[in-house]
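**Q** My file is upload-v6.cif. It has mmCIF, C-alpha atoms and all ligand atoms; chains and numbers go by the auth columns:
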data_data
#
loop_
_atom_site.group_PDB
_atom_site.id
_atom_site.type_symbol
_atom_site.label_atom_id
_atom_site.label_comp_id
_atom_site.label_asym_id
_atom_site.label_seq_id
_atom_site.Cartn_x
_atom_site.Cartn_y
_atom_site.Cartn_z
_atom_site.B_iso_or_equiv
_atom_site.auth_seq_id
_atom_site.auth_asym_id
ATOM 1 C CA MET A 1 -129.693 53.159 74.100 0.00 1 A
ATOM 2 C CA HIS A 2 -126.603 53.594 76.265 0.00 2 A
ATOM 3 C CA SER A 3 -124.857 50.399 77.252 0.00 3 A
ATOM 4 C CA THR A 4 -123.421 50.070 80.723 0.00 4 A
ATOM 5 C CA VAL A 5 -121.492 46.963 81.710 0.00 5 A
ATOM 6 C CA ILE A 6 -119.671 45.856 84.826 0.00 6 A
ATOM 7 C CA CYS A 7 -116.248 44.155 84.938 0.00 7 A
ATOM 8 C CA PRO A 8 -116.164 42.511 88.365 0.00 8 A
ATOM 9 C CA GLY A 9 -113.180 40.983 90.096 0.00 9 A
ATOM 10 C CA SER A 10 -110.874 40.931 93.067 0.00 10 A
ATOM 11 C CA PHE A 11 -108.006 42.655 91.218 0.00 11 A
ATOM 12 C CA ASP A 12 -105.541 41.679 93.960 0.00 12 A
ATOM 13 C CA PRO A 13 -103.603 43.257 92.279 0.00 13 A
ATOM 14 C CA VAL A 14 -104.530 44.457 88.792 0.00 14 A
ATOM 15 C CA THR A 15 -102.471 42.807 86.018 0.00 15 A
ATOM 16 C CA PHE A 16 -101.941 43.433 82.297 0.00 16 A
ATOM 17 C CA GLY A 17 -104.599 40.727 81.705 0.00 17 A
ATOM 18 C CA HIS A 18 -107.228 42.776 83.585 0.00 18 A
ATOM 19 C CA ILE A 19 -106.159 45.993 81.878 0.00 19 A
ATOM 20 C CA ASP A 20 -106.524 44.354 78.464 0.00 20 A
ATOM 21 C CA ILE A 21 -110.099 43.190 79.210 0.00 21 A
ATOM 22 C CA ILE A 22 -111.169 46.558 80.676 0.00 22 A
ATOM 23 C CA THR A 23 -109.638 48.506 77.769 0.00 23 A
ATOM 24 C CA ARG A 24 -111.321 46.303 75.173 0.00 24 A
ATOM 25 C CA ALA A 25 -114.668 46.546 77.006 0.00 25 A
ATOM 26 C CA SER A 26 -114.331 50.352 77.018 0.00 26 A
ATOM 27 C CA ARG A 27 -114.172 50.281 73.200 0.00 27 A
ATOM 28 C CA MET A 28 -117.280 48.097 72.926 0.00 28 A
ATOM 29 C CA PHE A 29 -119.628 49.687 75.470 0.00 29 A
ATOM 30 C CA ASP A 30 -120.634 53.247 76.410 0.00 30 A
ATOM 31 C CA HIS A 31 -119.868 52.932 80.101 0.00 31 A
ATOM 32 C CA VAL A 32 -117.689 50.400 81.911 0.00 32 A
ATOM 33 C CA ILE A 33 -117.881 50.021 85.670 0.00 33 A
ATOM 34 C CA VAL A 34 -114.954 48.171 87.186 0.00 34 A
ATOM 35 C CA GLY A 35 -116.376 46.590 90.326 0.00 35 A
ATOM 36 C CA VAL A 36 -113.814 45.675 92.965 0.00 36 A
ATOM 37 C CA PHE A 37 -115.229 42.998 95.233 0.00 37 A
ATOM 38 C CA ALA A 38 -114.103 42.374 98.771 0.00 38 A
ATOM 39 C CA ASN A 39 -114.719 38.636 98.640 0.00 39 A
ATOM 40 C CA GLY A 40 -112.459 36.126 96.953 0.00 40 A
ATOM 41 C CA GLU A 41 -109.343 35.341 98.886 0.00 41 A
ATOM 42 C CA LYS A 42 -109.771 35.478 102.649 0.00 42 A
ATOM 43 C CA HIS A 43 -106.484 37.309 103.067 0.00 43 A
ATOM 44 C CA PRO A 44 -105.972 39.592 100.100 0.00 44 A
ATOM 45 C CA MET A 45 -102.535 41.128 99.670 0.00 45 A
ATOM 46 C CA PHE A 46 -104.065 44.577 99.198 0.00 46 A
ATOM 47 C CA SER A 47 -107.022 46.264 100.883 0.00 47 A
ATOM 48 C CA MET A 48 -110.089 47.266 98.905 0.00 48 A
ATOM 49 C CA GLU A 49 -108.902 50.915 98.955 0.00 49 A
ATOM 50 C CA GLU A 50 -105.466 49.950 97.624 0.00 50 A
ATOM 51 C CA ARG A 51 -106.907 47.782 94.850 0.00 51 A
ATOM 52 C CA ILE A 52 -109.220 50.619 93.810 0.00 52 A
ATOM 53 C CA ASP A 53 -106.280 53.042 93.863 0.00 53 A
ATOM 54 C CA PHE A 54 -104.171 50.729 91.632 0.00 54 A
ATOM 55 C CA LEU A 55 -107.024 50.456 89.144 0.00 55 A
ATOM 56 C CA GLN A 56 -107.470 54.239 89.156 0.00 56 A
ATOM 57 C CA ARG A 57 -103.785 54.622 88.352 0.00 57 A
ATOM 58 C CA THR A 58 -103.928 52.128 85.473 0.00 58 A
ATOM 59 C CA VAL A 59 -107.373 52.472 83.835 0.00 59 A
ATOM 60 C CA GLY A 60 -108.664 55.623 85.575 0.00 60 A
ATOM 61 C CA ASP A 61 -107.823 57.862 82.633 0.00 61 A
ATOM 62 C CA ILE A 62 -110.041 55.944 80.183 0.00 62 A
ATOM 63 C CA PRO A 63 -112.961 58.416 79.932 0.00 63 A
ATOM 64 C CA ASN A 64 -115.830 55.894 80.033 0.00 64 A
ATOM 65 C CA VAL A 65 -114.369 53.720 82.805 0.00 65 A
ATOM 66 C CA LYS A 66 -115.360 54.164 86.440 0.00 66 A
ATOM 67 C CA VAL A 67 -113.808 52.175 89.291 0.00 67 A
ATOM 68 C CA ILE A 68 -115.982 51.413 92.314 0.00 68 A
ATOM 69 C CA GLY A 69 -115.840 49.218 95.401 0.00 69 A
ATOM 70 C CA CYS A 70 -118.667 46.666 95.635 0.00 70 A
ATOM 71 C CA ASP A 71 -120.116 44.819 98.539 0.00 71 A
ATOM 72 C CA GLY A 72 -122.450 41.830 98.401 0.00 72 A
ATOM 73 C CA LEU A 73 -123.961 40.260 95.328 0.00 73 A
ATOM 74 C CA LEU A 74 -122.764 41.094 91.838 0.00 74 A
ATOM 75 C CA ALA A 75 -126.336 40.737 90.496 0.00 75 A
ATOM 76 C CA GLN A 76 -127.522 43.428 92.924 0.00 76 A
ATOM 77 C CA CYS A 77 -124.518 45.664 92.331 0.00 77 A
ATOM 78 C CA ALA A 78 -125.111 45.511 88.557 0.00 78 A
ATOM 79 C CA LYS A 79 -128.750 46.507 89.103 0.00 79 A
ATOM 80 C CA ASP A 80 -127.799 49.393 91.414 0.00 80 A
ATOM 81 C CA PHE A 81 -125.420 50.813 88.817 0.00 81 A
ATOM 82 C CA GLY A 82 -127.673 50.222 85.802 0.00 82 A
ATOM 83 C CA ALA A 83 -125.395 47.622 84.178 0.00 83 A
ATOM 84 C CA SER A 84 -127.129 45.345 81.674 0.00 84 A
ATOM 85 C CA ALA A 85 -124.204 42.938 81.315 0.00 85 A
ATOM 86 C CA VAL A 86 -121.247 41.517 83.176 0.00 86 A
ATOM 87 C CA VAL A 87 -117.976 41.338 81.227 0.00 87 A
ATOM 88 C CA ARG A 88 -115.601 38.536 82.163 0.00 88 A
ATOM 89 C CA GLY A 89 -112.295 37.464 80.667 0.00 89 A
ATOM 90 C CA LEU A 90 -111.896 33.831 79.661 0.00 90 A
ATOM 91 C CA ARG A 91 -108.372 32.504 79.763 0.00 91 A
ATOM 92 C CA ALA A 92 -108.682 28.787 79.225 0.00 92 A
ATOM 93 C CA VAL A 93 -111.199 25.975 79.199 0.00 93 A
ATOM 94 C CA SER A 94 -110.483 25.575 82.916 0.00 94 A
ATOM 95 C CA ASP A 95 -112.126 28.988 83.547 0.00 95 A
ATOM 96 C CA PHE A 96 -115.239 27.981 81.668 0.00 96 A
ATOM 97 C CA GLU A 97 -117.095 25.759 84.126 0.00 97 A
ATOM 98 C CA TYR A 98 -116.976 28.276 86.980 0.00 98 A
ATOM 99 C CA GLU A 99 -117.745 31.212 84.707 0.00 99 A
ATOM 100 C CA PHE A 100 -120.717 29.421 83.136 0.00 100 A
ATOM 101 C CA GLN A 101 -122.092 28.589 86.596 0.00 101 A
ATOM 102 C CA MET A 102 -121.712 32.226 87.714 0.00 102 A
ATOM 103 C CA ALA A 103 -123.308 33.567 84.533 0.00 103 A
ATOM 104 C CA LEU A 104 -126.369 31.338 84.976 0.00 104 A
ATOM 105 C CA THR A 105 -126.634 32.117 88.700 0.00 105 A
ATOM 106 C CA ASN A 106 -126.462 35.856 88.060 0.00 106 A
ATOM 107 C CA ARG A 107 -129.138 35.588 85.396 0.00 107 A
ATOM 108 C CA LYS A 108 -131.372 33.670 87.790 0.00 108 A
ATOM 109 C CA LEU A 109 -130.892 36.377 90.424 0.00 109 A
ATOM 110 C CA ASN A 110 -131.321 39.208 87.935 0.00 110 A
ATOM 111 C CA PRO A 111 -133.036 38.008 84.709 0.00 111 A
ATOM 112 C CA GLU A 112 -132.047 41.199 82.901 0.00 112 A
ATOM 113 C CA LEU A 113 -128.357 40.608 83.495 0.00 113 A
ATOM 114 C CA ASP A 114 -126.364 38.969 80.706 0.00 114 A
ATOM 115 C CA THR A 115 -122.728 37.895 80.785 0.00 115 A
ATOM 116 C CA VAL A 116 -120.332 38.671 77.956 0.00 116 A
ATOM 117 C CA PHE A 117 -117.062 36.736 77.729 0.00 117 A
ATOM 118 C CA LEU A 118 -113.998 38.237 76.121 0.00 118 A
ATOM 119 C CA ALA A 119 -111.276 35.809 75.127 0.00 119 A
ATOM 120 C CA SER A 120 -108.044 36.687 76.853 0.00 120 A
ATOM 121 C CA ASP A 121 -105.292 38.126 74.705 0.00 121 A
ATOM 122 C CA ALA A 122 -103.037 35.220 73.696 0.00 122 A
ATOM 123 C CA SER A 123 -100.096 36.819 75.506 0.00 123 A
ATOM 124 C CA TYR A 124 -101.973 36.883 78.842 0.00 124 A
ATOM 125 C CA THR A 125 -103.726 33.506 78.938 0.00 125 A
ATOM 126 C CA TYR A 126 -101.421 32.238 81.694 0.00 126 A
ATOM 127 C CA LEU A 127 -101.587 35.406 83.779 0.00 127 A
ATOM 128 C CA SER A 128 -103.427 35.793 87.102 0.00 128 A
ATOM 129 C CA SER A 129 -103.013 37.897 90.240 0.00 129 A
ATOM 130 C CA SER A 130 -102.020 34.756 92.177 0.00 130 A
ATOM 131 C CA ILE A 131 -99.228 33.945 89.725 0.00 131 A
ATOM 132 C CA VAL A 132 -97.904 37.499 90.050 0.00 132 A
ATOM 133 C CA LYS A 133 -97.890 37.290 93.868 0.00 133 A
ATOM 134 C CA ASN A 134 -96.214 33.905 93.815 0.00 134 A
ATOM 135 C CA VAL A 135 -93.456 34.985 91.457 0.00 135 A
ATOM 136 C CA ALA A 136 -92.923 38.187 93.465 0.00 136 A
ATOM 137 C CA TYR A 137 -92.736 36.297 96.797 0.00 137 A
ATOM 138 C CA HIS A 138 -89.889 34.272 95.312 0.00 138 A
ATOM 139 C CA GLY A 139 -88.086 37.360 94.049 0.00 139 A
ATOM 140 C CA GLY A 140 -88.872 36.829 90.366 0.00 140 A
ATOM 141 C CA ASP A 141 -89.277 39.478 87.698 0.00 141 A
ATOM 142 C CA ILE A 142 -92.934 40.571 87.397 0.00 142 A
ATOM 143 C CA SER A 143 -92.380 43.500 85.052 0.00 143 A
ATOM 144 C CA ASN A 144 -94.064 41.633 82.176 0.00 144 A
ATOM 145 C CA PHE A 145 -97.155 41.011 84.317 0.00 145 A
ATOM 146 C CA VAL A 146 -98.055 44.328 85.951 0.00 146 A
ATOM 147 C CA PRO A 147 -97.468 48.038 85.232 0.00 147 A
ATOM 148 C CA ALA A 148 -94.397 49.620 86.848 0.00 148 A
ATOM 149 C CA CYS A 149 -96.319 51.502 89.572 0.00 149 A
ATOM 150 C CA ILE A 150 -98.021 48.279 90.754 0.00 150 A
ATOM 151 C CA HIS A 151 -94.738 46.381 90.512 0.00 151 A
ATOM 152 C CA ASP A 152 -93.177 48.652 93.150 0.00 152 A
ATOM 153 C CA GLU A 153 -96.227 48.417 95.443 0.00 153 A
ATOM 154 C CA ILE A 154 -96.071 44.596 95.409 0.00 154 A
ATOM 155 C CA PHE A 155 -92.400 44.493 96.353 0.00 155 A
ATOM 156 C CA LYS A 156 -92.933 47.146 99.048 0.00 156 A
ATOM 157 C CA ARG A 157 -95.726 45.028 100.553 0.00 157 A
ATOM 158 C CA ILE A 158 -93.636 41.855 100.514 0.00 158 A
ATOM 159 C CA TYR A 159 -90.736 43.741 102.121 0.00 159 A
ATOM 160 C CA ILE A 160 -93.015 45.052 104.909 0.00 160 A
ATOM 161 C CA GLU A 161 -94.553 41.590 105.497 0.00 161 A
ATOM 162 C CA ARG A 162 -91.086 40.056 105.892 0.00 162 A
ATOM 163 C CA LYS A 163 -89.808 42.671 108.358 0.00 163 A
HETATM 164 P P1 LIG B . -112.131 36.839 90.221 0.00 1 B
HETATM 165 O O1 LIG B . -111.559 36.430 91.532 0.00 1 B
HETATM 166 O O2 LIG B . -113.553 37.329 90.291 0.00 1 B
HETATM 167 O O3 LIG B . -111.908 35.856 89.083 0.00 1 B
HETATM 168 P P2 LIG B . -109.963 38.368 89.151 0.00 1 B
HETATM 169 O O4 LIG B . -109.433 39.638 89.713 0.00 1 B
HETATM 170 O O5 LIG B . -109.100 37.175 89.190 0.00 1 B
HETATM 171 O O6 LIG B . -111.340 38.151 89.870 0.00 1 B
HETATM 172 O O7 LIG B . -110.397 38.588 87.630 0.00 1 B
HETATM 173 C C1 LIG B . -111.282 39.622 87.250 0.00 1 B
HETATM 174 C C2 LIG B . -111.667 39.423 85.788 0.00 1 B
HETATM 175 O O8 LIG B . -110.529 39.544 84.961 0.00 1 B
HETATM 176 C C3 LIG B . -112.266 38.058 85.477 0.00 1 B
HETATM 177 O O9 LIG B . -113.231 38.201 84.476 0.00 1 B
HETATM 178 C C4 LIG B . -111.081 37.280 84.961 0.00 1 B
HETATM 179 O O10 LIG B . -111.480 36.223 84.119 0.00 1 B
HETATM 180 C C5 LIG B . -110.380 38.368 84.189 0.00 1 B
HETATM 181 N N1 LIG B . -108.961 38.089 84.031 0.00 1 B
HETATM 182 C C6 LIG B . -108.033 37.897 84.995 0.00 1 B
HETATM 183 N N2 LIG B . -106.821 37.652 84.464 0.00 1 B
HETATM 184 C C7 LIG B . -106.997 37.685 83.118 0.00 1 B
HETATM 185 C C8 LIG B . -106.127 37.470 81.985 0.00 1 B
HETATM 186 N N3 LIG B . -104.851 37.179 82.146 0.00 1 B
HETATM 187 N N4 LIG B . -106.655 37.576 80.754 0.00 1 B
HETATM 188 C C9 LIG B . -107.965 37.854 80.603 0.00 1 B
HETATM 189 N N5 LIG B . -108.834 38.048 81.606 0.00 1 B
HETATM 190 C C10 LIG B . -108.358 37.961 82.845 0.00 1 B
#
Written as C-alpha cells, that's how I'd like the structure from this file.
**A**
Amino acid sequence: MHSTVICPGSFDPVTFGHIDIITRASRMFDHVIVGVFANGEKHPMFSMEERIDFLQRTVGDIPNVKVIGCDGLLAQCAKDFGASAVVRGLRAVSDFEYEFQMALTNRKLNPELDTVFLASDASYTYLSSSIVKNVAYHGGDISNFVPACIHDEIFKRIYIERK
C-alpha cells in the first residue's frame, strides 16, 4: 500500500525547521503533500503564491514531495488528496496541547485521518516563522534560520514595507 501524508502549515515563510520535518517525512512515506493554508495570521508577510514558490525552491526537488495551496478544512483537503495521515512537527511541550486538540478534531471530522508527530531536530526547537520575521524586522541575522534565497526575499519585503 502506498502511503500519502500531508504536512500542513502557514509557512510564512518556510524555515529550516519546516524543511527538516518535510525532508524526514519524505524518507518515511511514499508521497508527501505540503499543504500551504491561507488561514493562520490575518496579515501574512507573504501571499499564498509566494509561500508556495518559496517551498518549491527549497523542497521542490525532493522527488516524492508536492507543494499545493489549500483552502478550507485540513480534514477535507487530506481526503481530497488521498492522505491517510497528517504530519506535524512538535517543538516543545507548549506545542502539545494545541496539536493534540487539532489531531482529535481532525480525526472526528475524518475518522480515517491519523496524525503523526515528528520531534523537532534539537537545533530547531526554538525556531518559528514569527521569530524569523521579528529578528528580520529588527535587522538581525537570520541566515541560521532560513535558506539564502528566502533570506533575501524577507529583507526585500521589509524594505518595501518601510518605503
Ligand atoms: P501552523 O501555523 O499550522 O503551525 P507553521 O507554518 O507554523 O504552521 O508550521 C507548519 C508545521 O511545521 C507544523 O507542524 C509545525 O509544528 C512545524 N514546525 C514549524 N517550525 C518547526 C521547527 N522549528 N521544528 C519542527 N517543526 C516545526
**Q** Pull the closest atom pair for each residue of chain A that gets at most 8 Å from ligand LIG 1 (chain B), along with the distance in Å to one decimal, counting only C-alpha atoms and all ligand atoms, ordering rows by chain and then ascending residue number, as CSV.
**A**
residue,atom,partner,partner_atom,distance
A:Cys7,CA,B:LIG1,C2,6.6
A:Pro8,CA,B:LIG1,C1,5.8
A:Gly9,CA,B:LIG1,O6,3.4
A:Ser10,CA,B:LIG1,O4,3.9
A:Phe11,CA,B:LIG1,O4,3.7
A:Asp12,CA,B:LIG1,O4,6.1
A:Pro13,CA,B:LIG1,O4,7.3
A:Val14,CA,B:LIG1,O4,6.9
A:Thr15,CA,B:LIG1,N2,6.9
A:Phe16,CA,B:LIG1,N3,6.9
A:Gly17,CA,B:LIG1,N3,3.6
A:His18,CA,B:LIG1,O8,4.8
A:Asp20,CA,B:LIG1,C9,7.0
A:Ile21,CA,B:LIG1,N5,5.8
A:Phe37,CA,B:LIG1,O2,7.7
A:Gly40,CA,B:LIG1,O1,5.5
A:Glu41,CA,B:LIG1,O1,7.8
A:Val87,CA,B:LIG1,O9,6.6
A:Arg88,CA,B:LIG1,O9,3.3
A:Gly89,CA,B:LIG1,N5,3.6
A:Leu90,CA,B:LIG1,O10,5.1
A:Arg91,CA,B:LIG1,C9,5.4
A:Asp95,CA,B:LIG1,O10,7.3
A:Phe117,CA,B:LIG1,O9,7.9
A:Leu118,CA,B:LIG1,C9,7.5
A:Ala119,CA,B:LIG1,C9,6.7
A:Ser120,CA,B:LIG1,C9,3.9
A:Asp121,CA,B:LIG1,N4,6.2
A:Tyr124,CA,B:LIG1,N3,4.4
A:Thr125,CA,B:LIG1,N3,5.0
A:Tyr126,CA,B:LIG1,N3,6.0
A:Leu127,CA,B:LIG1,N3,4.1
A:Ser128,CA,B:LIG1,N2,4.7
A:Ser129,CA,B:LIG1,O5,6.2
**Q** Check the smallest atom-to-atom distance from each of A:Met48, A:Ile19, A:Ile158, A:Ala103 to A:Asn134 using all atoms listed in the file, then report the winner.
**A** A:Ile158
**Q** Report, in Å to a single decimal, how far apart atom CA of A:Phe29 and atom CA of A:Thr4 are.
**A** 6.5 Å
**Q** Of the candidates A:Gln56, A:Ser47, A:Ser94, A:Asn110, which shows the shortest atom-to-atom distance to A:Leu74, using only C-alpha atoms?
**A**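 For A:Leu74, the nearest of the candidates is A:Asn110.
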**Q** A:Cys77, A:Met45, A:Val5, A:Ala85: which is nearest A:Ile154, counting all atoms listed in the file?
**A** A:Met45
**Q** Would you list the contacts of A:Val65 as a list in words, taking every protein, DNA or RNA residue within 9 Å and counting all atoms listed in the file, but skipping same-chain residues closer than 6 positions in sequence?
**A**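 Listed by chain and then number, they are Ile22, Thr23, Ser26, Asp30, His31, Val32, Ile33, Val34 and Val59 of chain A.
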